[in-house]
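Structure file query-v8.cif with mmCIF, C-alpha atoms and all ligand atoms:
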```cif
data_input
loop_
_atom_site.label_atom_id
_atom_site.label_comp_id
_atom_site.auth_asym_id
_atom_site.auth_seq_id
_atom_site.Cartn_x
_atom_site.Cartn_y
_atom_site.Cartn_z
CA MET A 1 0.00 0.00 0.00
CA ASN A 2 1.32 3.44 -0.89
CA SER A 3 1.79 5.62 2.13
CA TYR A 4 2.39 9.36 1.93
CA LYS A 5 3.67 11.82 4.50
CA ILE A 6 1.75 15.07 4.27
CA ALA A 7 2.71 18.23 6.16
CA ALA A 8 -0.41 20.20 7.05
CA ILE A 9 0.20 23.90 7.62
CA PRO A 10 -3.18 25.48 8.40
CA GLY A 11 -1.68 28.95 9.01
CA ASP A 12 -3.98 31.85 9.87
CA GLY A 13 -7.65 32.79 9.90
CA ILE A 14 -9.93 30.49 7.94
CA GLY A 15 -6.85 28.54 6.84
CA LYS A 16 -7.20 26.60 10.09
CA GLU A 17 -10.89 25.87 9.43
CA VAL A 18 -10.56 24.74 5.84
CA ILE A 19 -7.44 22.62 6.33
CA ALA A 20 -9.09 20.80 9.25
CA ALA A 21 -12.01 20.07 6.91
CA GLY A 22 -9.67 19.01 4.11
CA VAL A 23 -7.73 16.58 6.32
CA GLU A 24 -11.01 15.03 7.48
CA VAL A 25 -12.21 14.55 3.92
CA LEU A 26 -8.90 13.07 2.77
CA GLN A 27 -8.86 10.62 5.68
CA ALA A 28 -12.42 9.58 4.85
CA LEU A 29 -11.42 9.06 1.23
CA ALA A 30 -8.39 6.93 2.14
CA ALA A 31 -10.48 4.87 4.59
CA ARG A 32 -13.30 4.36 2.07
CA TYR A 33 -11.18 3.15 -0.83
CA GLY A 34 -8.01 1.82 0.77
CA GLY A 35 -5.03 1.32 -1.50
CA PHE A 36 -3.20 4.29 -0.08
CA LYS A 37 -2.55 5.85 3.30
CA LEU A 38 -2.01 9.47 4.26
CA ASP A 39 0.06 10.31 7.34
CA PHE A 40 -0.58 13.90 8.30
CA GLU A 41 1.66 15.92 10.55
CA SER A 42 0.38 19.35 11.49
CA PHE A 43 2.57 22.43 12.00
CA ASP A 44 1.33 25.43 13.96
CA TRP A 45 3.35 27.95 11.93
CA GLY A 46 1.93 31.34 11.03
CA SER A 47 0.98 34.56 12.76
CA ASP A 48 0.26 32.98 16.18
CA TYR A 49 3.70 31.39 16.06
CA TYR A 50 5.16 34.78 15.05
CA ARG A 51 3.62 36.56 18.03
CA LYS A 52 5.23 34.02 20.37
CA HIS A 53 8.58 33.49 18.68
CA GLY A 54 9.16 36.50 16.41
CA VAL A 55 9.35 34.27 13.32
CA MET A 56 6.64 32.66 11.20
CA MET A 57 8.30 29.25 11.21
CA PRO A 58 11.28 27.75 13.05
CA GLU A 59 14.70 28.03 11.49
CA ASN A 60 14.89 24.30 10.76
CA GLY A 61 11.32 24.29 9.42
CA ARG A 62 12.32 23.92 5.84
CA GLU A 63 14.67 21.06 6.66
CA THR A 64 11.77 19.36 8.46
CA LEU A 65 9.48 19.75 5.44
CA LYS A 66 12.00 18.19 3.05
CA SER A 67 11.11 14.68 4.12
CA PHE A 68 7.39 15.08 3.29
CA ASP A 69 5.73 13.99 0.07
CA ALA A 70 3.53 17.08 -0.11
CA ILE A 71 2.52 20.18 1.84
CA TYR A 72 -1.16 21.00 2.41
CA PHE A 73 -1.32 24.69 3.18
CA GLY A 74 -4.17 26.92 4.41
CA ALA A 75 -3.53 30.64 4.32
CA VAL A 76 -1.33 33.25 5.94
CA GLY A 77 -1.96 36.83 6.88
CA ALA A 78 -3.27 38.55 9.98
CA PRO A 79 -4.51 42.09 10.59
CA ASP A 80 -1.76 42.87 13.12
CA VAL A 81 1.22 41.36 11.30
CA PRO A 82 2.62 43.13 8.20
CA ASP A 83 1.92 41.32 4.93
CA HIS A 84 5.58 41.16 3.95
CA VAL A 85 6.32 39.31 7.23
CA THR A 86 3.59 36.74 6.76
CA LEU A 87 4.18 36.25 3.06
CA TRP A 88 7.99 36.19 3.01
CA GLY A 89 8.21 34.54 6.42
CA LEU A 90 6.18 31.47 5.53
CA ARG A 91 4.61 31.04 2.11
CA LEU A 92 7.48 32.34 0.04
CA ALA A 93 9.99 30.91 2.53
CA ILE A 94 8.70 27.52 1.38
CA CYS A 95 7.93 28.20 -2.31
CA GLN A 96 11.28 29.76 -3.17
CA PRO A 97 13.85 27.37 -1.69
CA PHE A 98 11.73 24.39 -2.78
CA ASP A 99 11.80 25.83 -6.29
CA GLN A 100 8.05 25.53 -6.73
CA TYR A 101 8.24 27.53 -9.92
CA ALA A 102 5.02 26.34 -11.50
CA ASN A 103 1.83 27.56 -9.93
CA VAL A 104 -1.16 25.80 -11.45
CA ARG A 105 -4.71 27.10 -11.08
CA PRO A 106 -7.57 25.22 -12.70
CA THR A 107 -10.80 27.14 -13.13
CA ARG A 108 -14.18 25.68 -13.91
CA ILE A 109 -17.76 26.52 -13.07
CA LEU A 110 -18.72 23.55 -10.90
CA PRO A 111 -22.20 21.98 -11.10
CA GLY A 112 -24.84 24.00 -9.26
CA ILE A 113 -22.74 27.13 -9.10
CA GLU A 114 -23.69 30.21 -10.99
CA GLY A 115 -20.87 32.43 -12.12
CA PRO A 116 -21.47 36.15 -12.65
CA LEU A 117 -21.39 35.78 -16.45
CA ARG A 118 -25.03 35.34 -17.37
CA ASN A 119 -24.36 34.54 -21.02
CA VAL A 120 -21.77 31.85 -20.36
CA ALA A 121 -22.59 28.18 -19.94
CA ALA A 122 -20.53 26.23 -17.42
CA LYS A 123 -18.96 24.14 -20.17
CA ASP A 124 -17.63 27.30 -21.81
CA LEU A 125 -15.31 28.12 -18.94
CA ASP A 126 -12.67 25.47 -18.36
CA TRP A 127 -9.17 26.85 -17.93
CA VAL A 128 -5.85 26.10 -16.37
CA ILE A 129 -3.78 29.14 -15.51
CA VAL A 130 -0.04 28.47 -15.21
CA ARG A 131 1.68 31.15 -13.18
CA GLU A 132 5.44 31.66 -13.15
CA ASN A 133 6.11 31.41 -9.44
CA SER A 134 9.80 32.05 -8.88
CA GLU A 135 10.93 35.31 -10.47
CA GLY A 136 9.50 38.15 -12.55
CA GLU A 137 7.84 41.08 -10.86
CA TYR A 138 7.95 39.41 -7.43
CA ALA A 139 11.70 38.83 -7.46
CA GLY A 140 11.97 41.26 -4.56
CA GLN A 141 14.61 43.37 -6.31
CA GLY A 142 14.76 47.13 -6.07
CA GLY A 143 14.94 49.66 -3.34
CA ARG A 144 14.27 53.18 -2.17
CA SER A 145 16.53 56.17 -1.92
CA HIS A 146 15.93 59.49 -0.15
CA ARG A 147 13.17 57.82 1.84
CA GLY A 148 10.39 60.24 2.78
CA LEU A 149 12.03 63.17 1.02
CA PRO A 150 10.46 64.95 -1.95
CA GLU A 151 13.12 63.50 -4.25
CA GLU A 152 12.49 59.92 -3.12
CA VAL A 153 12.80 57.27 -5.80
CA ALA A 154 11.65 53.66 -5.50
CA THR A 155 12.46 50.92 -7.98
CA GLU A 156 10.70 47.57 -8.25
CA VAL A 157 12.75 45.52 -10.64
CA SER A 158 11.34 42.53 -12.50
CA ILE A 159 13.80 39.75 -13.17
CA PHE A 160 13.21 37.40 -16.06
CA THR A 161 15.83 34.77 -16.82
CA ARG A 162 15.99 32.71 -19.99
CA ALA A 163 16.15 29.56 -17.88
CA GLY A 164 13.18 30.62 -15.73
CA VAL A 165 10.98 31.60 -18.65
CA THR A 166 11.92 28.55 -20.70
CA ARG A 167 11.06 26.09 -17.95
CA ILE A 168 7.64 27.63 -17.21
CA MET A 169 6.89 27.85 -20.93
CA ARG A 170 7.74 24.17 -21.40
CA PHE A 171 5.64 23.29 -18.40
CA ALA A 172 2.69 25.24 -19.82
CA PHE A 173 3.00 23.59 -23.24
CA GLU A 174 3.01 20.21 -21.49
CA VAL A 175 -0.18 21.13 -19.58
CA ALA A 176 -1.80 22.33 -22.81
CA ARG A 177 -0.77 19.11 -24.57
CA SER A 178 -2.31 17.00 -21.79
CA ARG A 179 -5.72 18.61 -22.22
CA PRO A 180 -8.24 17.73 -24.94
CA ARG A 181 -8.18 21.07 -26.76
CA LYS A 182 -4.36 21.44 -26.83
CA LEU A 183 -4.67 25.20 -26.76
CA LEU A 184 -2.28 27.64 -25.06
CA THR A 185 -2.47 31.41 -24.66
CA VAL A 186 0.75 33.20 -23.72
CA VAL A 187 0.09 36.44 -21.87
CA THR A 188 2.54 39.36 -21.77
CA LYS A 189 2.68 43.12 -21.98
CA SER A 190 5.30 43.26 -24.68
CA ASN A 191 3.91 46.38 -26.34
CA ALA A 192 4.77 48.54 -23.32
CA GLN A 193 7.55 46.58 -21.61
CA ARG A 194 10.34 46.12 -24.08
CA HIS A 195 12.81 43.78 -22.40
CA GLY A 196 11.54 40.94 -20.24
CA MET A 197 8.17 40.76 -21.96
CA VAL A 198 9.71 40.65 -25.42
CA MET A 199 11.96 37.83 -24.24
CA TRP A 200 8.82 35.98 -23.06
CA ASP A 201 7.34 36.26 -26.53
CA GLU A 202 10.56 35.07 -28.16
CA ILE A 203 10.94 32.09 -25.84
CA ALA A 204 7.27 31.16 -26.35
CA ALA A 205 7.89 30.94 -30.10
CA GLU A 206 11.06 28.87 -29.57
CA VAL A 207 9.43 26.39 -27.21
CA ALA A 208 6.32 26.17 -29.42
CA ALA A 209 8.47 24.65 -32.17
CA ASP A 210 8.73 21.50 -30.01
CA TYR A 211 4.93 21.29 -29.64
CA PRO A 212 3.50 21.29 -33.16
CA ASP A 213 0.35 19.60 -31.82
CA VAL A 214 -0.42 22.55 -29.52
CA THR A 215 -2.20 25.59 -30.96
CA TRP A 216 -0.99 28.75 -29.27
CA ASP A 217 -1.48 32.46 -29.40
CA LYS A 218 -0.28 35.61 -27.65
CA MET A 219 -2.35 38.13 -25.72
CA LEU A 220 -1.57 41.39 -23.99
CA VAL A 221 -2.66 41.19 -20.38
CA ASP A 222 -5.09 44.12 -20.56
CA ALA A 223 -6.89 42.65 -23.57
CA MET A 224 -6.79 39.28 -21.82
CA THR A 225 -9.11 40.50 -19.04
CA MET A 226 -11.69 41.33 -21.70
CA ARG A 227 -11.28 38.04 -23.50
CA MET A 228 -11.69 36.08 -20.26
CA THR A 229 -14.89 37.95 -19.53
CA LEU A 230 -16.41 38.14 -23.00
CA LYS A 231 -15.10 35.02 -24.77
CA PRO A 232 -14.19 32.51 -22.07
CA GLN A 233 -14.77 29.59 -24.43
CA SER A 234 -11.88 30.77 -26.63
CA LEU A 235 -9.38 29.96 -23.86
CA ASP A 236 -8.02 26.75 -22.37
CA THR A 237 -4.48 26.77 -20.93
CA ILE A 238 -3.02 30.17 -20.07
CA VAL A 239 0.56 31.00 -19.09
CA ALA A 240 1.58 34.33 -17.59
CA THR A 241 4.15 36.01 -15.38
CA ASN A 242 4.03 36.03 -11.61
CA LEU A 243 2.18 39.37 -11.38
CA HIS A 244 -0.07 39.00 -14.41
CA ALA A 245 -1.19 35.50 -13.48
CA ASP A 246 -1.76 36.58 -9.88
CA ILE A 247 -4.28 39.14 -11.10
CA LEU A 248 -5.80 37.00 -13.85
CA SER A 249 -6.37 34.09 -11.48
CA ASP A 250 -8.34 36.23 -9.04
CA LEU A 251 -10.47 37.31 -11.99
CA ALA A 252 -10.80 33.67 -13.03
CA ALA A 253 -11.86 32.64 -9.52
CA ALA A 254 -14.53 35.34 -9.44
CA LEU A 255 -15.82 34.35 -12.89
CA ALA A 256 -16.13 30.76 -11.66
CA GLY A 257 -18.36 31.85 -8.80
CA SER A 258 -16.25 32.45 -5.69
CA LEU A 259 -12.74 32.84 -4.43
CA GLY A 260 -13.68 30.14 -1.90
CA ILE A 261 -13.76 27.44 -4.58
CA ALA A 262 -10.46 27.96 -6.36
CA PRO A 263 -7.47 25.60 -5.85
CA THR A 264 -3.74 25.98 -6.46
CA ALA A 265 -0.72 23.77 -6.72
CA ASN A 266 2.79 25.17 -6.26
CA LEU A 267 4.80 22.55 -8.06
CA ASN A 268 8.43 21.60 -8.19
CA PRO A 269 7.90 19.59 -11.37
CA GLU A 270 11.26 17.82 -11.12
CA ARG A 271 10.24 16.55 -7.67
CA ARG A 272 13.54 17.44 -6.07
CA PHE A 273 11.50 19.08 -3.28
CA PRO A 274 7.96 18.68 -1.98
CA SER A 275 5.23 20.61 -3.77
CA MET A 276 2.67 22.69 -1.91
CA PHE A 277 -1.10 22.68 -2.36
CA GLU A 278 -3.38 25.47 -1.13
CA PRO A 279 -6.71 27.13 -1.83
CA ILE A 280 -6.14 30.46 -3.59
CA HIS A 281 -8.04 32.51 -1.03
CA GLY A 282 -6.39 34.21 1.93
CA SER A 283 -7.02 34.12 5.65
CA ALA A 284 -10.32 36.08 5.38
CA PHE A 285 -10.44 37.45 8.91
CA ASP A 286 -13.88 38.98 8.25
CA ILE A 287 -15.40 35.49 8.44
CA THR A 288 -12.87 33.69 10.65
CA GLY A 289 -14.41 31.79 13.56
CA LYS A 290 -17.92 31.93 12.14
CA GLY A 291 -17.81 28.43 10.72
CA ILE A 292 -18.94 29.59 7.28
CA ALA A 293 -15.71 29.44 5.28
CA ASN A 294 -16.21 27.62 1.99
CA PRO A 295 -14.02 24.49 2.14
CA VAL A 296 -14.56 23.56 -1.53
CA GLY A 297 -11.34 25.27 -2.71
CA THR A 298 -9.40 23.28 -0.13
CA PHE A 299 -11.08 20.02 -1.20
CA TRP A 300 -10.41 20.72 -4.88
CA THR A 301 -6.81 21.50 -3.86
CA ALA A 302 -6.69 18.04 -2.27
CA THR A 303 -7.58 16.45 -5.62
CA MET A 304 -4.53 18.18 -7.14
CA MET A 305 -2.37 16.87 -4.32
CA LEU A 306 -3.64 13.32 -4.83
CA GLU A 307 -2.99 13.55 -8.53
CA HIS A 308 0.54 14.78 -7.89
CA LEU A 309 1.11 11.85 -5.51
CA GLY A 310 0.04 9.48 -8.28
CA GLU A 311 -3.38 8.64 -6.84
CA LYS A 312 -5.42 9.74 -9.84
CA PRO A 313 -8.46 7.48 -9.28
CA ALA A 314 -8.77 8.81 -5.72
CA ALA A 315 -8.48 12.36 -7.04
CA GLU A 316 -11.29 11.68 -9.52
CA ARG A 317 -13.48 10.15 -6.82
CA LEU A 318 -13.00 13.15 -4.58
CA MET A 319 -13.81 15.53 -7.43
CA ARG A 320 -17.03 13.59 -8.10
CA ALA A 321 -17.99 13.88 -4.43
CA ILE A 322 -17.28 17.63 -4.45
CA GLU A 323 -19.38 18.15 -7.58
CA ARG A 324 -22.24 16.16 -6.13
CA VAL A 325 -22.25 18.52 -3.17
CA THR A 326 -21.89 21.80 -5.09
CA ALA A 327 -24.80 20.71 -7.28
CA ASP A 328 -27.10 21.13 -4.26
CA PRO A 329 -27.79 24.83 -3.51
CA LEU A 330 -28.74 23.88 0.06
CA LEU A 331 -25.10 22.99 0.53
CA HIS A 332 -23.74 26.36 -0.59
CA THR A 333 -21.89 28.54 1.92
CA PRO A 334 -22.73 32.28 2.15
CA ASP A 335 -20.05 33.31 -0.38
CA LEU A 336 -22.13 31.36 -2.94
CA GLY A 337 -25.37 32.90 -1.75
CA GLY A 338 -26.37 29.99 0.50
CA SER A 339 -26.47 29.47 4.23
CA ALA A 340 -24.61 26.19 4.73
CA THR A 341 -21.72 25.94 7.17
CA THR A 342 -18.22 24.57 6.69
CA ARG A 343 -19.29 21.59 8.84
CA GLN A 344 -22.34 20.82 6.70
CA VAL A 345 -20.40 20.99 3.43
CA THR A 346 -17.64 18.80 4.88
CA ASP A 347 -20.12 16.20 6.15
CA ALA A 348 -21.90 16.22 2.80
CA VAL A 349 -18.66 15.58 0.89
CA ILE A 350 -17.77 12.75 3.28
CA GLY A 351 -21.28 11.39 2.78
CA ALA A 352 -20.87 11.56 -0.99
CA ILE A 353 -17.55 9.70 -0.71
CA HIS A 354 -19.28 6.94 1.22
CA GLY A 355 -22.19 6.84 -1.20
CA ASP A 356 -20.00 6.58 -4.31
CA ASN A 357 -19.10 3.20 -5.82
P1 LIG B 1 -4.79 37.75 0.96
O1 LIG B 1 -4.11 39.02 1.25
O2 LIG B 1 -4.17 36.58 1.64
O3 LIG B 1 -5.08 37.54 -0.48
P2 LIG B 1 -7.35 38.90 1.42
O4 LIG B 1 -7.85 39.34 2.74
O5 LIG B 1 -6.95 39.87 0.40
O6 LIG B 1 -6.20 37.85 1.69
P3 LIG B 1 -9.06 36.74 1.13
O7 LIG B 1 -8.76 36.42 2.53
O8 LIG B 1 -8.72 35.74 0.13
O9 LIG B 1 -8.43 38.07 0.71
O10 LIG B 1 -10.60 37.04 1.05
C1 LIG B 1 -11.22 38.04 0.29
C2 LIG B 1 -12.70 37.97 0.62
O11 LIG B 1 -13.28 36.80 0.06
C3 LIG B 1 -12.88 37.87 2.13
O12 LIG B 1 -13.41 39.06 2.58
C4 LIG B 1 -13.78 36.71 2.35
O13 LIG B 1 -15.00 37.10 2.92
C5 LIG B 1 -14.02 36.06 1.00
N1 LIG B 1 -13.52 34.69 1.05
C6 LIG B 1 -12.27 34.26 0.77
N2 LIG B 1 -12.16 32.96 0.91
C7 LIG B 1 -13.36 32.50 1.29
C8 LIG B 1 -13.88 31.20 1.62
N3 LIG B 1 -13.13 30.09 1.58
N4 LIG B 1 -15.15 31.12 1.97
C9 LIG B 1 -15.93 32.20 2.02
N5 LIG B 1 -15.52 33.44 1.74
C10 LIG B 1 -14.25 33.59 1.38
MG MG B 2 -6.05 39.00 -1.70
#
```

Let me see the structure of the file written as structure tokens.
Amino acid sequence: MNSYKIAAIPGDGIGKEVIAAGVEVLQALAARYGGFKLDFESFDWGSDYYRKHGVMMPENGRETLKSFDAIYFGAVGAPDVPDHVTLWGLRLAICQPFDQYANVRPTRILPGIEGPLRNVAAKDLDWVIVRENSEGEYAGQGGRSHRGLPEEVATEVSIFTRAGVTRIMRFAFEVARSRPRKLLTVVTKSNAQRHGMVMWDEIAAEVAADYPDVTWDKMLVDAMTMRMTLKPQSLDTIVATNLHADILSDLAAALAGSLGIAPTANLNPERRFPSMFEPIHGSAFDITGKGIANPVGTFWTATMMLEHLGEKPAAERLMRAIERVTADPLLHTPDLGGSATTRQVTDAVIGAIHGDN
């Protein structure tokens, strides 16, 4: 029997609520079908840890995580801790050294869920956004001079490397190739940004030569927001820089009905280090403790984790259970316009797992 070690890092706010739900669902799935075993170890890292110890995670935290097969992550961020501390102190402190350079965000309108686009059928919105997750606009380069003075200058430097762009482009072409439509859209802003973005376009064309079976096109990011909204059916796999894909994937999540549904995988495709799986939403302190956080994004995230571990049939079973539950409006949380609780949705998914053959 395959046995996997999973590090659960619930983090802050509703991260704790949705990861608890996700672990429960995954355990139910493993118990129902057998064939594989999940050993969870939970780590209390995050803003509470920071208030006690002055750091978001212990110094040897990364070393500890190395021995795990995957990381199941909730959310970080708290009203009283600066964002750069929470983000750089935990999430990026894992993503960057573990070289999780491919961030993958599937978007679909699940059964029973109504997106805001009235003229779009669910089947017309089925995307995977591939986000470059290691460099670009979030490279952290730049600085400020003459701080606070009238002549102050701040620079925020984007770093694009040929190696970094080539590997994400290859990854995106592979994703596109694995999907029925074999369609890839490469997003840049190469009309206004003349260096890194032009290199993206050039590398896209070079890599495309190795994928004659994939149809691809280029879009400027501003026009892309319109195309996603007005012609969602013209898109399938999308690849974009760290910043552009960050923005586009929030748009995608909203178009699919709620931020609470959307999953993400931060992959180290070469598997030299563990990959990390998380819902795309944040810690959402406005609803923390109310028991109404939508756990669906965290469950969908779990299907991506199972697939990465090589347990595809289990991933498919879990997705079926999730879709059976979203199809029932009585099981929608308030973000979807319903009144169900995290507990009710979790129990319903576990029930659907038990009811499935
Ligand atoms: P971050 O800075 O980490 O992106 P944020 O505060 O900007 O966090 P989120 O925490 O993702 O954004 O939440 C934005 C809004 O969406 C919140 O106000 C919250 O009410 C809602 N929301 C996010 N996730 C969920 C969820 N799982 N269930 C219900 N509502 C959610
Ligand atoms: Mg946000």

Legend entry - Contact residues around Pro279 in chain A with only C-alpha atoms at 7 Å, ignoring same-chain residues under 5 positions, as a ChimeraX atom specification: /A:74,262-264,297-298,301

Legend entry - Which residue of A:Gly89, A:Gly282, A:Pro269, A:Gly310 approaches ligand MG 2 (chain B) most closely, using all atoms listed in the file: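 Under the stated criterion, the closest residue is A:Gly282.
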
Legend entry - Environment of ligand MG 2 (chain B) within 10 Å, counting all atoms listed in the file, reported as a PyMOL selection string: chain A and resi 77+246-247+250+259+280-284

Legend entry - Distance filter 9 Å around ligand LIG 1 (chain B), atoms: all atoms listed in the file, out as a PyMOL selection string: chain A and resi 13-15+18+75-79+83+87+258-262+279-288+292-298+333-336+342

Legend entry - A:Ser145, A:Asn133, A:Ser67, A:Thr107 ranked by distance to Ser249 in chain A, top pick (using only C-alpha atoms):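 Residue with the minimum atom-to-atom distance to Ser249 in chain A: A:Thr107.
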
Inset, instruction - Quick one: everything within 10 Å of Ala314 in chain A, counting all atoms listed in the file, minus sequence neighbours fewer than 2 positions away in the same chain. Send it as JSON, numbers by chain. - result: {"A": [26, 29, 30, 33, 34, 35, 36, 303, 306, 307, 310, 311, 312, 316, 317, 318, 319, 320]}

Writer output for current selection, C-alpha atoms, as an mmCIF file, in the frame of the given file:
```
data_model
loop_
_atom_site.group_PDB
_atom_site.id
_atom_site.type_symbol
_atom_site.label_atom_id
_atom_site.label_comp_id
_atom_site.auth_asym_id
_atom_site.auth_seq_id
_atom_site.Cartn_x
_atom_site.Cartn_y
_atom_site.Cartn_z
ATOM 1 C CA LEU A 26 -8.900 13.070 2.770
ATOM 2 C CA LEU A 29 -11.420 9.060 1.230
ATOM 3 C CA ALA A 30 -8.390 6.930 2.140
ATOM 4 C CA TYR A 33 -11.180 3.150 -0.830
ATOM 5 C CA GLY A 34 -8.010 1.820 0.770
ATOM 6 C CA GLY A 35 -5.030 1.320 -1.500
ATOM 7 C CA PHE A 36 -3.200 4.290 -0.080
ATOM 8 C CA THR A 303 -7.580 16.450 -5.620
ATOM 9 C CA LEU A 306 -3.640 13.320 -4.830
ATOM 10 C CA GLU A 307 -2.990 13.550 -8.530
ATOM 11 C CA GLY A 310 0.040 9.480 -8.280
ATOM 12 C CA GLU A 311 -3.380 8.640 -6.840
ATOM 13 C CA LYS A 312 -5.420 9.740 -9.840
ATOM 14 C CA GLU A 316 -11.290 11.680 -9.520
ATOM 15 C CA ARG A 317 -13.480 10.150 -6.820
ATOM 16 C CA LEU A 318 -13.000 13.150 -4.580
ATOM 17 C CA MET A 319 -13.810 15.530 -7.430
ATOM 18 C CA ARG A 320 -17.030 13.590 -8.100
#
```

Legend entry - Long-range neighbours of Phe173 in chain A as an MDAnalysis selection string, 8 Å cut-off, only C-alpha atoms, 2 positions minimum in chain: chainID A and resid 169:171 175:177 184 208 211 214

Legend entry - Between CA of Val128 in chain A and CA of Pro212 in chain A - distance in Å to one decimal: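 Atom-to-atom, CA of Pro212 in chain A to CA of Val128 in chain A, that is 19.8 Å.
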
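CA of Thr229 in chain A lies 27.8 Å from CA of Leu330 in chain A.
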
Legend entry - Residue nearest Val165 in chain A among A:Leu235, A:Ala252, A:Ile129, A:Val207 (counting all atoms listed in the file): A:Val207

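With CA of Asp217 in chain A on one side and CA of Val120 in chain A on the other, the separation reads 22.2 Å.
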
Complete the atom set of range 72-84 of chain A to N, CA and C atoms and return it as a compact mmCIF listing (two decimals), in the coordinates of the input.
```txt
# COMPACT_ATOMS: atom_id res chain seq x y z
N TYR A 72 0.25 20.57 2.55
CA TYR A 72 -1.16 21.00 2.41
C TYR A 72 -1.28 22.26 3.25
N PHE A 73 -1.50 23.38 2.57
CA PHE A 73 -1.32 24.69 3.18
C PHE A 73 -2.64 25.46 3.20
N GLY A 74 -2.94 26.14 4.31
CA GLY A 74 -4.17 26.92 4.41
C GLY A 74 -4.01 28.32 3.87
N ALA A 75 -3.69 29.25 4.74
CA ALA A 75 -3.53 30.64 4.32
C ALA A 75 -2.69 31.35 5.36
N VAL A 76 -2.00 32.41 4.94
CA VAL A 76 -1.33 33.25 5.94
C VAL A 76 -1.74 34.69 5.78
N GLY A 77 -1.64 35.42 6.88
CA GLY A 77 -1.96 36.83 6.88
C GLY A 77 -2.83 37.11 8.08
N ALA A 78 -2.48 38.17 8.82
CA ALA A 78 -3.27 38.55 9.98
C ALA A 78 -3.29 40.07 10.05
N PRO A 79 -4.38 40.64 10.59
CA PRO A 79 -4.51 42.09 10.59
C PRO A 79 -3.36 42.80 11.30
N ASP A 80 -2.78 42.18 12.33
CA ASP A 80 -1.76 42.87 13.12
C ASP A 80 -0.33 42.51 12.75
N VAL A 81 -0.14 41.71 11.72
CA VAL A 81 1.22 41.36 11.30
C VAL A 81 1.38 41.84 9.85
N PRO A 82 2.48 42.60 9.57
CA PRO A 82 2.62 43.13 8.20
C PRO A 82 2.63 42.02 7.15
N ASP A 83 2.03 42.31 6.01
CA ASP A 83 1.92 41.32 4.93
C ASP A 83 3.28 40.78 4.50
N HIS A 84 4.29 41.67 4.45
CA HIS A 84 5.58 41.16 3.95
C HIS A 84 6.18 40.15 4.94
```
